[in-house]
Structures are given as structure tokens and as C-alpha cells.
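Everything on this sheet refers to the single structure shown next.
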Amino acid sequence: MMNICPATSSLRLSSSTRLLILSLLALSTTILSNRSEAGDWPQILGPNRNGQANGEKIAAWPASGPRTLWTYTIGEGFSGPSVVGNSVIVFHRVDNKEGTEFERIEAVNAQTGKQVWKTDFDATYAGGINPDTGPRSVPVIAGDAIVAYGAAGDLHCLALKDGKKRWSRETWSDFNAPQGYFGAGTTPIVVGKHVIVNVGGRQGSIVAFNLADGKMVWSAVQDTASYSSPSLTKVGGKTVVIFLTRLKCVALDPVDGKVQFEFPFGQRGPTVNAATPLVFKDKFFITASYGIGGKLIEVGKEKLSTVWENDTSLSSQYNTPIHHEGFLYGSHGREDGGSTSLRCIDATNGDVKWSIDQSTVANVIKADELLITLTADGNLSLVKLDSKKHVELAKYSVAAGVTRALPALSNGKLFIRINGNGKNELKCFDLSPKK
């Protein structure tokens with residue numbers, strides 16, 4: 001295991017670790033072990049966990065807004081949907097007529113908005129700083145399985161075809177994990193036969209489970225959990241998974257949990273790490289608000305180097321930026337206070353190329369050389385991916401409620417979860433070009 005000291009910008013690595021990391025970060029995009037077809041959005045931030053859609057064609061909408069294909073009523077939570085084929089997987093909290101509450105995973109037909117199946121699990125999360133008690137994590141579709149991580153740290157695996165339960169684990173009690181500010185909010189990652197979760201327990205921080213039966217395979221690291229979800233790189237049969245825990249950035253071998261490198265990231269106190277590490281070429285970018293800032297790490301021949309770090313370029317509270325042709329596009333600032341902006345920065349040095357004030361923070365998706373932005377208060381925009389200036393091609397207010405959950409894009413359809421005003425909904429909008 002190699003550490004980067006916070007006071008230094010680089011560190012010499014052992015030859016074996018150096019060769020492993022160089023090979024793993026050689027690709028410009030993150031490659032997952034479970035392949036998805038063009039048009040699928042099978043997990044958080046899309047097929048490669050980088051906010052980029054595969055093979056999508058979209059177009060600007062008229063001033064009246066994109067066409068609404070259907071609306072589906074759901075319960076509490078900030079879990080974004082996942083999509084494979086015609087199956088939209090939704091994760092939310094509901095109550096039955098007897099007053100019992102459940103975390104529900106269900107499949108909705110992408111074409112019609114009709115329920116296909118539903119599966120309920122007991123809901124035990126009592127709430128924290130935010131009064132919403134529903135799940136926060138995005139379901140992961142891996143082959144014929146769905147993996148979902150509930151707000152109380154309950155990990156579930158079920159069948160994609162019919163929702164049949166396969167196994168469940170109570171990770172908080174199993175590994176003695178604290179609840180945190182908002183309950184469990186990290187999304188697991190599936191690598192081959194393993195489901196890897198940032199549990200944050202005293203008896204297991206990052207934990208791998210067998211996808212087939214839920215048995216623990218390994219545990220690693222000593223730290224509490226964050227709200228960030230891990231990202232993965234694969235090349236030549238070797239893989240590394242990068243996590244942001246409460247106070248660290250750490251990369252592990254997903255087969256045995258061996259730590260490849262780690263260094264401090266984050267601060268104690270009322271702060272969170274929530275954006276996903278963004279991998280591109282031989283670099284990765286990590287970011288947080290609360291005075292922590294953004295940091296670009298380069299993997300060189302002999303060392304890990306901090307290319308740049310500051311709290312002025314792109315400090316994101318929880319929204320993950322996208323990378324396009326050497327530039328980062330994303331949201332700077334915090335939803336719960338202060339000014340926020342949509343920005344384009346030079347990935348090589350952090351220089352801000354342009355910055356546009358926004359009503360609040362925004363999630364972003366790259367598709368068809370365009371940028372879809374959705375603010376947490378319902379403002380949807382289509383922006384040209386232009387590093388020289390901000391060019392807005394279309395905009396529309398899709399909701400009066402909260403649109404904090406991550407949206408999903410599949411086959412020209414944009415799926416947006418809307419919370420608030422006494423009614424929670426999943427809406428499907430048509431962004432496909434006119435034929």
C-alpha cells in the first residue's frame with residue numbers, strides 16, 4: 001500500500017504498483033466488467049459511470065418543452081432510475097394500507113410507464129438531517145441481477161426478469177456502521193462476481209460480497225462511508241476500483257481488496273464527499289465542496305502527482321462533472337447555500353473557461369456531443385459542448401418540486417424523478433430527434 005502525504009504533490013511507487021496503476025488508467029473511459037448495450041443506462045452515471053451516454057441521438061426541444069411520454073407515481077427517496085432495454089428500475093419508499101413501510105424496487109415499462117413487477121423490503125431508516133426517509137442509492141443492473149442499497153444500509157439482490165428476491169444483507173449491523181448525516185447514500189459497484197460497497201463499518205469499511213449468494217468475500221480500509229460512489233477502470237484483465245470514503249481517496253484490487261494506493265481527501269466536521277471519482281486518460285478528478293475543493297491526479301511513470309488542486313475551479317457538493325476533449329463541465333457550489341454556477345474548466349490546469357450562474361446545483365449528462373443539465377429545482381437545459389463559450393440550445397422548467405435525484409437517458413428518453421409538493425413522480429420525456 002502506498003500513501004500520498006497531504007503536504008507533498010507526488011510519491012514514488014513500487015514497480016509492481018506503478019505498472020498496475022499505469023495499465024489501469026490508460027483508457028480514456030471507464031470500462032465496466034458487465035457490458036451494456038447502446039441505449040442502456042444500467043447504473044449510476046450511465047454505462048461507464050462517467051455521465052456519458054452510448055450511441056444516443058438527441059435534439060433541442062421547442063419553447064413549450066420536450067414531449068412528456070408518461071408519468072408514474074412513486075414514493076419517497078432520491079434514488080435515480082436505471083434502465084436496461086424496456087425495463088426502468090425504480091427504488092423508493094412506500095407504505096401499505098396497514099401503515100407498514102417498505103423500500104420498493106419495481107420495474108416499469110419504458111414505453112408505456114406501466115408497472116411490470118414490484119418487490120418490497122422492510123424499511124427501517126428513521127431519517128436524519130433530511131426528513132425524506134427513502135433510498136438514496138441508484139440500483140445497479142448487472143446481467144440478470146439487480147443490486148440495490150437501501151437508506152438503512154440494507155443490501156439486496158434480486159432478479160431483473162421478475163423481481164424475485166435472491167439475498168439480502170444488513171450491512172450496518174453486520175459491520176457496525178454509523179448512520180451518517182443522511183443514511184446510506186453510496187451506490188455499490190459490481191465487478192465480475194463481486195458486489196463492492198462503501199459500508200463504512202468499524203468491522204469492515206469497503207466490503208465485497210459474492211453476487212451469487214451475498215456472502216462476504218473481503219473487507220478493506222479503515223474509515224467511515226461517504227456519499228460518493230466508486231468508479232472502475234479495466235484493461236488487460238486487470239481492474240482497480242476507486243473510492244472516496246469519508247476522509248480518503250483509495251484504490252483497491254476488486255478481486256482481493258488489496259489497497260493499491262490511498263491519500264487523504266475530505267475534512268472532518270459537517271462535510272461530505274459525494275461526487276464520483278471521474279477517470280479519463282492517465283488522470284482522475286475528485287471534487288467536494290465545504291472548503292475541500294477539486295483535485296486532479298496524474299499517474300506518471302514513477303509517481304502519483306497532484307496536477308492541480310484548489311477550491312475555486314470546480315468544487316461540487318455532490319454532482320459529478322463530465323469530461324469532454326480535455327475540459328470538465330459541471331456544477332460549482334452547494335445546493336444548501338451560496339452561489340452556484342455551471343462551468344467549463346480546462347482539465348489540465350483548472351482554469352475556468354466560462355461560468356454561468358444557476359439557480360442551484362445541477363446534474364449533467366453528455367450525449368450526442370451535447371450537455372443535458374438538470375438543476376435540483378427542476379430547470380432542464382441543453383447546452384453545446386463548447387469550451388470557449390456557454391451556448392444554450394433549449395431550456396424548460398420540468399417541475400416545481402425537487403429534482404435532486406440523478407436522471408437517466410436511454411434511447412432518446414430522459415427519465416427524471418420529481419420530489420415534493422405532496423406528490424412524488426417519475427416522468428419520461430422524449431428528447432429524440434424528429435423523424
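Going through the C-alpha cells in order, the chains are called A, B, and so on, while each chain numbers its residues from 1 and the ligands are numbered from 1 in the order shown.
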For segment 357-372 of chain A: contacts at 6 Å, only C-alpha atoms, fewer than 4 positions along chain excluded, given as a list of chain:residue names:
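Here the answer would be A:Gly51, A:Gln52, A:Ala53, A:Glu56, A:Lys57, A:Asn319, A:Ser331, A:Glu335, A:Thr340, A:Ser341, A:Ala376, A:Ser381, A:Leu382, A:Val383, A:Lys384, A:Leu385.
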Write out as a PyMOL selection string each polymer residue whose atoms come within 9 Å of Asn411 of chain A, counting only C-alpha atoms; drop sequence neighbours fewer than 5 positions from it.
chain A and resi 38-40+55-58+85+431-432
With the cut-off set at 9 Å and counting only C-alpha atoms, tabulate each residue of segment 293-381 of chain A with an atom at most that distance from an atom of segment 272-276 of chain A, showing the nearest atom pair and its distance in Å to one decimal, ordered by chain and increasing number, as CSV.
```
residue,atom,partner,partner_atom,distance
A:Ser316,CA,A:Ala275,CA,7.0
A:Gln317,CA,A:Ala274,CA,6.6
A:Tyr318,CA,A:Ala274,CA,4.5
A:Asn319,CA,A:Ala275,CA,5.4
A:Thr320,CA,A:Ala275,CA,4.9
A:Pro321,CA,A:Ala275,CA,8.3
```
Using only C-alpha atoms, what table do you get, as JSON lines, when you list each residue of segment 105-184 of chain A with an atom no more than 9 Å from segment 59-69 of chain A, its nearest pair of atoms, and their distance in Å rounded to one decimal, rows by chain then rising number?
```
{"residue": "A:Gln111", "atom": "CA", "partner": "A:Leu69", "partner_atom": "CA", "distance": 8.1}
{"residue": "A:Thr112", "atom": "CA", "partner": "A:Leu69", "partner_atom": "CA", "distance": 7.9}
{"residue": "A:Gly113", "atom": "CA", "partner": "A:Leu69", "partner_atom": "CA", "distance": 8.2}
```
For the residues in the current selection, export C-alpha atoms as a CSV table (one decimal), in the first residue's frame.
```csv
chain,number,residue,atom,x,y,z
A,111,GLN,CA,-42.5,2.6,-23.5
A,112,THR,CA,-45.8,2.7,-21.6
A,113,GLY,CA,-44.9,3.7,-18.0
```
Have a look at A:Glu425, A:Asp132, A:Glu392, A:Asp430 and name the one nearest to Tyr72 of chain A; count only C-alpha atoms.
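Counting only C-alpha atoms, the residue closest to Tyr72 of chain A is A:Glu425.
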Residues within 12 Å of Thr348 of chain A, only C-alpha atoms, excluding chain neighbours under 3 positions, as an MDAnalysis selection string:
chainID A and resid 280:285 295:298 306:309 313 323 325:328 345 351:353
All strand (DSSP E) positions in segment 195-406 of chain A, as a PyMOL selection string:
chain A and resi 195-201+204-210+216-220+231-235+238-244+248-252+259-264+278-280+283-288+293-299+303-310+322-324+327-334+337-346+352-358+362-367+370-375+379-384+392-397
With only C-alpha atoms as the basis for distance, which of A:Ala184, A:Leu252, A:Leu393, A:Ala399 is at the shortest distance from Lys423 of chain A?
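Nearest candidate to Lys423 of chain A out of A:Ala184, A:Leu252, A:Leu393, A:Ala399: A:Ala399.
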Which residues, written as a list of chain:residue names, have at least one atom at most 9 Å from segment 98-102 of chain A, with only C-alpha atoms counted and residues fewer than 5 positions away on the same chain left out?
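With the cut-off at 9 Å, the set is A:His92, A:Arg93, A:Asp120, A:Phe121, A:Asp122, A:Ala123, A:Thr124.
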Pull N, CA and C atoms from the residues just selected and write them as a PDB file, in the first residue's frame.
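File produced: out09.pdb:
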```pdb
ATOM      1  N   HIS A  92     -37.805   3.146  -4.276  1.00  0.00           N
ATOM      2  CA  HIS A  92     -38.450   4.194  -3.499  1.00  0.00           C
ATOM      3  C   HIS A  92     -39.102   3.604  -2.255  1.00  0.00           C
ATOM      4  N   ARG A  93     -39.613   4.470  -1.382  1.00  0.00           N
ATOM      5  CA  ARG A  93     -40.226   4.039  -0.123  1.00  0.00           C
ATOM      6  C   ARG A  93     -41.723   4.310  -0.153  1.00  0.00           C
ATOM      7  N   ASP A 120     -40.987  -5.779  -2.401  1.00  0.00           N
ATOM      8  CA  ASP A 120     -40.892  -4.931  -1.220  1.00  0.00           C
ATOM      9  C   ASP A 120     -39.956  -5.516  -0.172  1.00  0.00           C
ATOM     10  N   PHE A 121     -39.233  -4.613   0.505  1.00  0.00           N
ATOM     11  CA  PHE A 121     -38.371  -4.961   1.630  1.00  0.00           C
ATOM     12  C   PHE A 121     -38.726  -4.042   2.796  1.00  0.00           C
ATOM     13  N   ASP A 122     -38.648  -4.547   4.014  1.00  0.00           N
ATOM     14  CA  ASP A 122     -38.955  -3.734   5.184  1.00  0.00           C
ATOM     15  C   ASP A 122     -38.075  -2.486   5.213  1.00  0.00           C
ATOM     16  N   ALA A 123     -38.699  -1.338   5.488  1.00  0.00           N
ATOM     17  CA  ALA A 123     -37.979  -0.069   5.576  1.00  0.00           C
ATOM     18  C   ALA A 123     -37.761   0.270   7.047  1.00  0.00           C
ATOM     19  N   THR A 124     -36.520   0.476   7.438  1.00  0.00           N
ATOM     20  CA  THR A 124     -36.195   0.746   8.834  1.00  0.00           C
ATOM     21  C   THR A 124     -35.512   2.087   9.054  1.00  0.00           C
TER      22      THR A 124
END
```
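As for atom CA of Ser168 of chain A and atom CA of Val199 of chain A, they are spaced 14.2 Å apart.
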Can you list, as a PyMOL selection string, all residues belonging to segment 58-295 of chain A that DSSP tags as alpha helix (DSSP H)?
chain A and resi 171-175
Find the spatial neighbours of Tyr290 of chain A, counting only C-alpha atoms, within a cut-off of 9 Å - ignore same-chain residues fewer than 2 positions away - and output them as a PyMOL selection string.
chain A and resi 266-267+270-272+288+292-293+311+315+317+333-334
For the selection just defined, write its residues with N, CA and C atoms to a file, as a CSV table (one decimal), in the first residue's frame.
```csv
chain,number,residue,atom,x,y,z
A,266,GLY,N,-10.9,15.2,1.9
A,266,GLY,CA,-12.0,15.5,2.7
A,266,GLY,C,-11.6,16.2,4.0
A,267,GLN,N,-12.6,16.6,4.8
A,267,GLN,CA,-12.3,17.2,6.1
A,267,GLN,C,-13.3,16.7,7.2
A,270,PRO,N,-18.9,19.0,9.6
A,270,PRO,CA,-20.1,18.9,8.8
A,270,PRO,C,-19.8,19.0,7.3
A,271,THR,N,-19.1,18.0,6.8
A,271,THR,CA,-18.7,18.0,5.3
A,271,THR,C,-19.1,16.6,4.8
A,272,VAL,N,-19.2,16.5,3.5
A,272,VAL,CA,-19.4,15.2,2.8
A,272,VAL,C,-18.6,15.1,1.6
A,288,ALA,N,-15.2,18.1,-4.1
A,288,ALA,CA,-16.1,18.3,-3.0
A,288,ALA,C,-16.2,19.7,-2.7
A,292,ILE,N,-13.2,22.0,0.6
A,292,ILE,CA,-12.3,20.9,0.2
A,292,ILE,C,-11.7,21.1,-1.2
A,293,GLY,N,-12.6,21.4,-2.1
A,293,GLY,CA,-12.2,21.7,-3.5
A,293,GLY,C,-12.0,20.6,-4.4
A,311,ASP,N,-9.9,25.3,-4.5
A,311,ASP,CA,-11.4,25.4,-4.1
A,311,ASP,C,-12.1,26.5,-4.9
A,315,SER,N,-15.7,23.0,-7.5
A,315,SER,CA,-15.9,22.4,-6.2
A,315,SER,C,-17.4,22.0,-6.1
A,317,GLN,N,-20.6,19.9,-4.6
A,317,GLN,CA,-21.2,19.3,-3.4
A,317,GLN,C,-21.5,17.8,-3.6
A,333,GLY,N,-20.3,24.7,-6.5
A,333,GLY,CA,-21.1,25.3,-5.4
A,333,GLY,C,-21.9,24.3,-4.7
A,334,ARG,N,-22.8,24.8,-3.8
A,334,ARG,CA,-23.6,24.0,-2.9
A,334,ARG,C,-25.1,24.3,-3.1
```
Residues near Ile242 of chain A, cut-off 6 Å, only C-alpha atoms, skip fewer than 5 positions along chain, as a list in words:
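Once the adjacent positions are removed, what remains is Pro230, Ser231, Val250 and Ala251 of chain A.
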Let's have the selection written as an mmCIF file, in the first residue's frame, with C-alpha atoms.
```
data_model
loop_
_atom_site.group_PDB
_atom_site.id
_atom_site.type_symbol
_atom_site.label_atom_id
_atom_site.label_comp_id
_atom_site.auth_asym_id
_atom_site.auth_seq_id
_atom_site.Cartn_x
_atom_site.Cartn_y
_atom_site.Cartn_z
ATOM 1 C CA PRO A 230 -16.898 4.236 -6.748
ATOM 2 C CA SER A 231 -15.660 4.215 -10.323
ATOM 3 C CA VAL A 250 -8.399 4.839 -2.067
ATOM 4 C CA ALA A 251 -7.930 2.393 -4.954
#
```
Using only C-alpha atoms, which residue out of A:Ile286, A:Val90, A:Val191, A:Ala126 lies closest to Phe78 of chain A?
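That would be A:Val90, the residue with the smallest distance to Phe78 of chain A.
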Got a sec: who's within 10 Å of Gln43 of chain A, counting only C-alpha atoms, leaving out chain neighbours fewer than 2 positions off, as a PDB file with C-alpha atoms, in the first residue's frame?
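Wrote it out as part-v6.pdb, contents follow:
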```pdb
ATOM      1  CA  ASP A  40     -28.817   1.276 -21.721  1.00  0.00           C
ATOM      2  CA  TRP A  41     -28.328   3.257 -18.501  1.00  0.00           C
ATOM      3  CA  LEU A  45     -24.000   7.959 -14.133  1.00  0.00           C
ATOM      4  CA  GLY A  46     -24.684   5.629 -17.046  1.00  0.00           C
ATOM      5  CA  PRO A  47     -22.921   2.642 -18.616  1.00  0.00           C
ATOM      6  CA  ASN A  48     -19.392   3.774 -17.678  1.00  0.00           C
ATOM      7  CA  ARG A  49     -20.085   5.788 -14.507  1.00  0.00           C
ATOM      8  CA  GLY A  80     -32.312   7.832  -9.621  1.00  0.00           C
ATOM      9  CA  PRO A  81     -33.627   5.209 -12.076  1.00  0.00           C
ATOM     10  CA  SER A  82     -31.634   2.625 -14.030  1.00  0.00           C
ATOM     11  CA  VAL A  83     -32.630   1.378 -17.479  1.00  0.00           C
ATOM     12  CA  VAL A  84     -31.874  -1.764 -19.484  1.00  0.00           C
ATOM     13  CA  ILE A  89     -35.858   0.090 -12.384  1.00  0.00           C
ATOM     14  CA  SER A 137     -28.651   4.968  -3.974  1.00  0.00           C
ATOM     15  CA  VAL A 138     -29.194   4.149  -7.655  1.00  0.00           C
ATOM     16  CA  PRO A 139     -29.997   0.477  -8.417  1.00  0.00           C
ATOM     17  CA  VAL A 140     -27.288  -1.389 -10.329  1.00  0.00           C
ATOM     18  CA  ILE A 141     -28.291  -3.773 -13.128  1.00  0.00           C
ATOM     19  CA  ALA A 142     -25.616  -6.431 -13.679  1.00  0.00           C
ATOM     20  CA  ILE A 146     -30.368  -6.019  -9.719  1.00  0.00           C
ATOM     21  CA  VAL A 147     -28.380  -4.803  -6.715  1.00  0.00           C
ATOM     22  CA  THR A 187     -24.174   3.205  -4.865  1.00  0.00           C
ATOM     23  CA  PRO A 188     -22.472  -0.231  -4.941  1.00  0.00           C
ATOM     24  CA  ILE A 189     -20.409  -1.382  -7.899  1.00  0.00           C
ATOM     25  CA  VAL A 190     -20.465  -4.849  -9.451  1.00  0.00           C
ATOM     26  CA  ALA A 408     -31.202   8.641 -16.713  1.00  0.00           C
TER      27      ALA A 408
END
```
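Picture a line from atom CA of Asp144 of chain A to atom CA of Gly183 of chain A; it runs 27.7 Å.
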Mind giving me the straight-line distance from atom CA of Gly163 of chain A to atom CA of Arg104 of chain A in Å, one decimal?
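One can read the atom CA of Gly163 of chain A to atom CA of Arg104 of chain A distance as 10.4 Å.
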